[in-house]
Amino acid sequence: TLEIANGDSIVFSIGGNEYTFVLEDNTATQIIMGGFKTFSLNVGEDIDLDLNGDGTDDVYMWLRSINMVSGKIKLTLRPSWEIISDRFE
């Protein structure tokens with residue numbers, strides 16, 4: 001689980017390619033992430049993203065919470081294949 005604030009970047013590598021997401025904005029219930037792909041999530045929502053365009057999800061993100069006092073969000077970020085294996089155990 002990561003804790004980031006507006007303007008913070010998440011940089012990670014998958015299959016030798018580097019990807020960056022930036023927390024562009026957040027409200028009490030929603031965030032907007034930009035960078036490689038732009039999307040929004042509400043608290044409690046998750047998303048699987050295909051980053052390399054091969055039709056297979058690469059990254060799983062789950063917006064756990066938004067702290068309006070600190071302006072930080074808690075976000076779970078994991079490779080999608082870990083999530084898929086967890087679902088079938």
# chains A, B, ... in the order shown; residues from 1 in each chain; ligands from 1
call {"tool": "select_by_dssp", "arguments": {"residues": "chain A", "states": "strand (DSSP E)", "output": "PyMOL selection string"}}
result
chain A and resi 2-5+9-14+17-26+30-35+39-42+46-49+59-67+72-79
call {"tool": "write_last_selection", "arguments": {"atoms": "N, CA and C atoms", "output": "compact mmCIF listing (two decimals), in the first residue's frame"}}
result
# COMPACT_ATOMS: atom_id res chain seq x y z
N LEU A 2 0.56 2.16 -0.87
CA LEU A 2 1.30 3.42 -1.00
C LEU A 2 0.48 4.56 -0.43
N GLU A 3 1.16 5.57 0.06
CA GLU A 3 0.50 6.78 0.52
C GLU A 3 1.12 7.94 -0.23
N ILE A 4 0.32 8.63 -1.06
CA ILE A 4 0.84 9.71 -1.89
C ILE A 4 -0.08 10.93 -1.81
N ALA A 5 0.47 12.09 -2.17
CA ALA A 5 -0.27 13.35 -2.17
C ALA A 5 -0.34 13.90 -3.60
N SER A 9 4.37 11.15 -7.80
CA SER A 9 4.43 10.17 -8.88
C SER A 9 4.65 8.78 -8.32
N ILE A 10 4.12 7.80 -9.03
CA ILE A 10 4.39 6.40 -8.78
C ILE A 10 5.13 5.90 -10.02
N VAL A 11 6.34 5.42 -9.85
CA VAL A 11 7.13 4.92 -10.97
C VAL A 11 7.43 3.45 -10.71
N PHE A 12 7.18 2.60 -11.70
CA PHE A 12 7.46 1.18 -11.54
C PHE A 12 7.81 0.58 -12.89
N SER A 13 8.39 -0.60 -12.86
CA SER A 13 8.84 -1.27 -14.07
C SER A 13 8.16 -2.63 -14.19
N ILE A 14 7.69 -2.92 -15.39
CA ILE A 14 7.11 -4.23 -15.70
C ILE A 14 7.67 -4.67 -17.04
N ASN A 17 9.92 -2.32 -19.01
CA ASN A 17 9.39 -1.00 -19.37
C ASN A 17 9.02 -0.23 -18.11
N GLU A 18 9.33 1.05 -18.09
CA GLU A 18 9.03 1.90 -16.93
C GLU A 18 7.74 2.68 -17.19
N TYR A 19 6.88 2.72 -16.16
CA TYR A 19 5.60 3.42 -16.24
C TYR A 19 5.50 4.40 -15.07
N THR A 20 4.85 5.53 -15.33
CA THR A 20 4.68 6.56 -14.30
C THR A 20 3.22 6.97 -14.25
N PHE A 21 2.69 7.04 -13.03
CA PHE A 21 1.38 7.62 -12.79
C PHE A 21 1.55 8.77 -11.83
N VAL A 22 0.76 9.82 -12.01
CA VAL A 22 0.82 11.02 -11.17
C VAL A 22 -0.56 11.25 -10.59
N LEU A 23 -0.62 11.51 -9.27
CA LEU A 23 -1.88 11.89 -8.65
C LEU A 23 -2.14 13.34 -9.01
N GLU A 24 -3.08 13.57 -9.94
CA GLU A 24 -3.36 14.91 -10.44
C GLU A 24 -4.31 15.69 -9.55
N ASP A 25 -5.28 14.99 -8.95
CA ASP A 25 -6.28 15.69 -8.15
C ASP A 25 -7.00 14.69 -7.26
N ASN A 26 -7.50 15.18 -6.13
CA ASN A 26 -8.34 14.34 -5.30
C ASN A 26 -9.36 15.19 -4.55
N GLN A 30 -12.90 10.91 -4.52
CA GLN A 30 -12.42 10.50 -5.84
C GLN A 30 -11.01 11.03 -6.11
N ILE A 31 -10.26 10.27 -6.92
CA ILE A 31 -8.94 10.72 -7.38
C ILE A 31 -8.91 10.70 -8.90
N ILE A 32 -7.99 11.48 -9.45
CA ILE A 32 -7.69 11.43 -10.88
C ILE A 32 -6.20 11.16 -11.01
N MET A 33 -5.87 10.07 -11.69
CA MET A 33 -4.49 9.69 -11.93
C MET A 33 -4.17 9.96 -13.38
N GLY A 34 -3.01 10.53 -13.63
CA GLY A 34 -2.56 10.78 -14.99
C GLY A 34 -1.20 10.17 -15.20
N GLY A 35 -0.66 10.37 -16.36
CA GLY A 35 0.64 9.81 -16.69
C GLY A 35 0.49 8.93 -17.90
N PHE A 39 -7.11 8.10 -15.58
CA PHE A 39 -8.35 7.47 -15.11
C PHE A 39 -8.71 8.05 -13.77
N SER A 40 -9.94 7.80 -13.34
CA SER A 40 -10.37 8.23 -12.01
C SER A 40 -10.89 7.02 -11.25
N LEU A 41 -10.78 7.09 -9.92
CA LEU A 41 -11.29 6.05 -9.03
C LEU A 41 -11.99 6.70 -7.86
N ASN A 42 -13.06 6.08 -7.42
CA ASN A 42 -13.72 6.47 -6.18
C ASN A 42 -13.18 5.59 -5.06
N ASP A 46 -11.54 -0.38 -7.60
CA ASP A 46 -10.26 -0.87 -8.09
C ASP A 46 -10.29 -0.90 -9.61
N ILE A 47 -9.11 -1.09 -10.19
CA ILE A 47 -9.00 -1.12 -11.64
C ILE A 47 -7.82 -2.01 -12.02
N ASP A 48 -7.99 -2.76 -13.10
CA ASP A 48 -6.90 -3.52 -13.70
C ASP A 48 -6.52 -2.80 -14.99
N LEU A 49 -5.24 -2.59 -15.20
CA LEU A 49 -4.77 -1.84 -16.36
C LEU A 49 -3.85 -2.68 -17.23
N VAL A 59 -1.39 -4.34 -14.19
CA VAL A 59 -1.34 -3.71 -12.88
C VAL A 59 -2.75 -3.61 -12.30
N TYR A 60 -2.83 -3.89 -11.01
CA TYR A 60 -4.06 -3.76 -10.24
C TYR A 60 -3.90 -2.59 -9.29
N MET A 61 -4.86 -1.66 -9.27
CA MET A 61 -4.86 -0.54 -8.32
C MET A 61 -6.19 -0.51 -7.58
N TRP A 62 -6.09 -0.23 -6.27
CA TRP A 62 -7.27 -0.15 -5.42
C TRP A 62 -7.13 1.10 -4.56
N LEU A 63 -8.10 2.01 -4.67
CA LEU A 63 -8.10 3.22 -3.85
C LEU A 63 -8.71 2.88 -2.50
N ARG A 64 -7.87 2.81 -1.49
CA ARG A 64 -8.31 2.40 -0.15
C ARG A 64 -8.96 3.54 0.62
N SER A 65 -8.33 4.74 0.57
CA SER A 65 -8.89 5.85 1.34
C SER A 65 -8.28 7.17 0.87
N ILE A 66 -8.95 8.26 1.26
CA ILE A 66 -8.46 9.62 1.03
C ILE A 66 -8.52 10.36 2.35
N ASN A 67 -7.40 10.89 2.79
CA ASN A 67 -7.34 11.67 4.03
C ASN A 67 -7.38 13.15 3.64
N LYS A 72 -3.47 13.18 1.51
CA LYS A 72 -2.86 11.97 0.97
C LYS A 72 -3.90 10.89 0.73
N ILE A 73 -3.59 10.04 -0.24
CA ILE A 73 -4.44 8.89 -0.51
C ILE A 73 -3.67 7.62 -0.17
N LYS A 74 -4.41 6.54 0.11
CA LYS A 74 -3.81 5.22 0.27
C LYS A 74 -4.27 4.38 -0.91
N LEU A 75 -3.28 3.84 -1.61
CA LEU A 75 -3.51 3.14 -2.85
C LEU A 75 -2.74 1.83 -2.83
N THR A 76 -3.43 0.72 -3.11
CA THR A 76 -2.76 -0.56 -3.26
C THR A 76 -2.43 -0.73 -4.72
N LEU A 77 -1.19 -1.10 -5.00
CA LEU A 77 -0.69 -1.30 -6.36
C LEU A 77 0.03 -2.63 -6.40
N ARG A 78 -0.45 -3.55 -7.25
CA ARG A 78 0.17 -4.87 -7.36
C ARG A 78 0.13 -5.33 -8.80
N PRO A 79 1.05 -6.19 -9.19
CA PRO A 79 0.94 -6.80 -10.52
C PRO A 79 -0.36 -7.58 -10.61
call {"tool": "select_by_dssp", "arguments": {"residues": "chain A", "states": "helix (DSSP H, G or I)", "output": "PyMOL selection string"}}
result
chain A and resi 80-87
call {"tool": "closest_residue", "arguments": {"among": "A:Ala28, A:Leu51, A:Met68, A:Asp58", "to": "Ser80 of chain A", "atoms": "only C-alpha atoms"}}
result
A:Asp58
call {"tool": "closest_residue", "arguments": {"among": "A:Gly55, A:Asn6, A:Val43, A:Gly16", "to": "Ser70 of chain A", "atoms": "only C-alpha atoms"}}
result
A:Asn6
call {"tool": "closest_residue", "arguments": {"among": "A:Asp57, A:Asp8, A:Glu45, A:Asp50", "to": "Gly71 of chain A", "atoms": "only C-alpha atoms"}}
result
A:Asp8
call {"tool": "decode", "arguments": {"residues": "segment 29-43 of chain A", "atoms": "all heavy atoms", "output": "compact mmCIF listing (two decimals), in the first residue's frame"}}
result
# COMPACT_ATOMS: atom_id res chain seq x y z
N THR A 29 -13.86 11.94 -2.11
CA THR A 29 -14.28 10.60 -2.51
C THR A 29 -13.65 10.09 -3.79
O THR A 29 -13.83 8.93 -4.14
CB THR A 29 -15.80 10.56 -2.71
OG1 THR A 29 -16.17 11.50 -3.73
CG2 THR A 29 -16.54 10.87 -1.43
N GLN A 30 -12.90 10.91 -4.52
CA GLN A 30 -12.42 10.50 -5.84
C GLN A 30 -11.01 11.03 -6.11
O GLN A 30 -10.64 12.10 -5.64
CB GLN A 30 -13.37 11.03 -6.92
CG GLN A 30 -13.02 10.60 -8.32
CD GLN A 30 -13.98 11.16 -9.35
OE1 GLN A 30 -14.23 12.35 -9.36
NE2 GLN A 30 -14.50 10.30 -10.18
N ILE A 31 -10.26 10.27 -6.92
CA ILE A 31 -8.94 10.72 -7.38
C ILE A 31 -8.91 10.70 -8.90
O ILE A 31 -9.68 9.99 -9.55
CB ILE A 31 -7.79 9.84 -6.84
CG1 ILE A 31 -7.90 8.40 -7.38
CG2 ILE A 31 -7.73 9.87 -5.34
CD1 ILE A 31 -6.64 7.57 -7.21
N ILE A 32 -7.99 11.48 -9.45
CA ILE A 32 -7.69 11.43 -10.88
C ILE A 32 -6.20 11.16 -11.01
O ILE A 32 -5.38 11.90 -10.46
CB ILE A 32 -8.06 12.74 -11.60
CG1 ILE A 32 -9.56 13.01 -11.48
CG2 ILE A 32 -7.63 12.67 -13.07
CD1 ILE A 32 -10.00 14.34 -12.03
N MET A 33 -5.87 10.07 -11.69
CA MET A 33 -4.49 9.69 -11.93
C MET A 33 -4.17 9.96 -13.38
O MET A 33 -4.97 9.64 -14.27
CB MET A 33 -4.27 8.20 -11.63
CG MET A 33 -4.50 7.78 -10.20
SD MET A 33 -3.30 8.41 -9.02
CE MET A 33 -1.85 7.46 -9.45
N GLY A 34 -3.01 10.53 -13.63
CA GLY A 34 -2.56 10.78 -14.99
C GLY A 34 -1.20 10.17 -15.20
O GLY A 34 -0.64 9.56 -14.31
N GLY A 35 -0.66 10.37 -16.36
CA GLY A 35 0.64 9.81 -16.69
C GLY A 35 0.49 8.93 -17.90
O GLY A 35 -0.03 9.36 -18.93
N PHE A 36 0.90 7.68 -17.76
CA PHE A 36 0.83 6.75 -18.88
C PHE A 36 -0.60 6.60 -19.39
O PHE A 36 -0.85 6.61 -20.58
CB PHE A 36 1.40 5.39 -18.48
CG PHE A 36 1.41 4.41 -19.60
CD1 PHE A 36 2.31 4.54 -20.64
CD2 PHE A 36 0.50 3.38 -19.64
CE1 PHE A 36 2.31 3.65 -21.70
CE2 PHE A 36 0.49 2.48 -20.68
CZ PHE A 36 1.39 2.61 -21.72
N LYS A 37 -1.55 6.45 -18.48
CA LYS A 37 -2.98 6.42 -18.79
C LYS A 37 -3.67 7.30 -17.75
O LYS A 37 -3.26 7.34 -16.61
CB LYS A 37 -3.56 5.00 -18.71
CG LYS A 37 -3.08 4.09 -19.81
CD LYS A 37 -3.84 2.78 -19.80
CE LYS A 37 -3.38 1.94 -20.96
NZ LYS A 37 -4.22 0.78 -21.21
N THR A 38 -4.72 7.98 -18.15
CA THR A 38 -5.48 8.82 -17.22
C THR A 38 -6.79 8.12 -16.87
O THR A 38 -7.46 7.60 -17.76
CB THR A 38 -5.76 10.21 -17.84
OG1 THR A 38 -4.52 10.84 -18.14
CG2 THR A 38 -6.55 11.08 -16.89
N PHE A 39 -7.11 8.10 -15.58
CA PHE A 39 -8.35 7.47 -15.11
C PHE A 39 -8.71 8.05 -13.77
O PHE A 39 -7.90 8.72 -13.13
CB PHE A 39 -8.20 5.94 -15.03
CG PHE A 39 -7.10 5.50 -14.11
CD1 PHE A 39 -7.37 5.22 -12.78
CD2 PHE A 39 -5.81 5.35 -14.58
CE1 PHE A 39 -6.35 4.82 -11.94
CE2 PHE A 39 -4.79 4.94 -13.75
CZ PHE A 39 -5.06 4.67 -12.43
N SER A 40 -9.94 7.80 -13.34
CA SER A 40 -10.37 8.23 -12.01
C SER A 40 -10.89 7.02 -11.25
O SER A 40 -11.35 6.05 -11.84
CB SER A 40 -11.43 9.32 -12.09
OG SER A 40 -12.60 8.83 -12.72
N LEU A 41 -10.78 7.09 -9.92
CA LEU A 41 -11.29 6.05 -9.03
C LEU A 41 -11.99 6.70 -7.86
O LEU A 41 -11.55 7.74 -7.37
CB LEU A 41 -10.13 5.20 -8.47
CG LEU A 41 -9.44 4.20 -9.37
CD1 LEU A 41 -8.25 3.59 -8.65
CD2 LEU A 41 -10.40 3.12 -9.80
N ASN A 42 -13.06 6.08 -7.42
CA ASN A 42 -13.72 6.47 -6.18
C ASN A 42 -13.18 5.59 -5.06
O ASN A 42 -12.68 4.49 -5.31
CB ASN A 42 -15.24 6.28 -6.30
CG ASN A 42 -15.85 7.25 -7.29
OD1 ASN A 42 -15.58 8.43 -7.26
ND2 ASN A 42 -16.65 6.72 -8.19
N VAL A 43 -13.29 6.07 -3.83
CA VAL A 43 -12.84 5.28 -2.68
C VAL A 43 -13.52 3.91 -2.71
O VAL A 43 -14.72 3.81 -2.91
CB VAL A 43 -13.13 6.00 -1.35
CG1 VAL A 43 -12.82 5.11 -0.16
CG2 VAL A 43 -12.34 7.29 -1.26
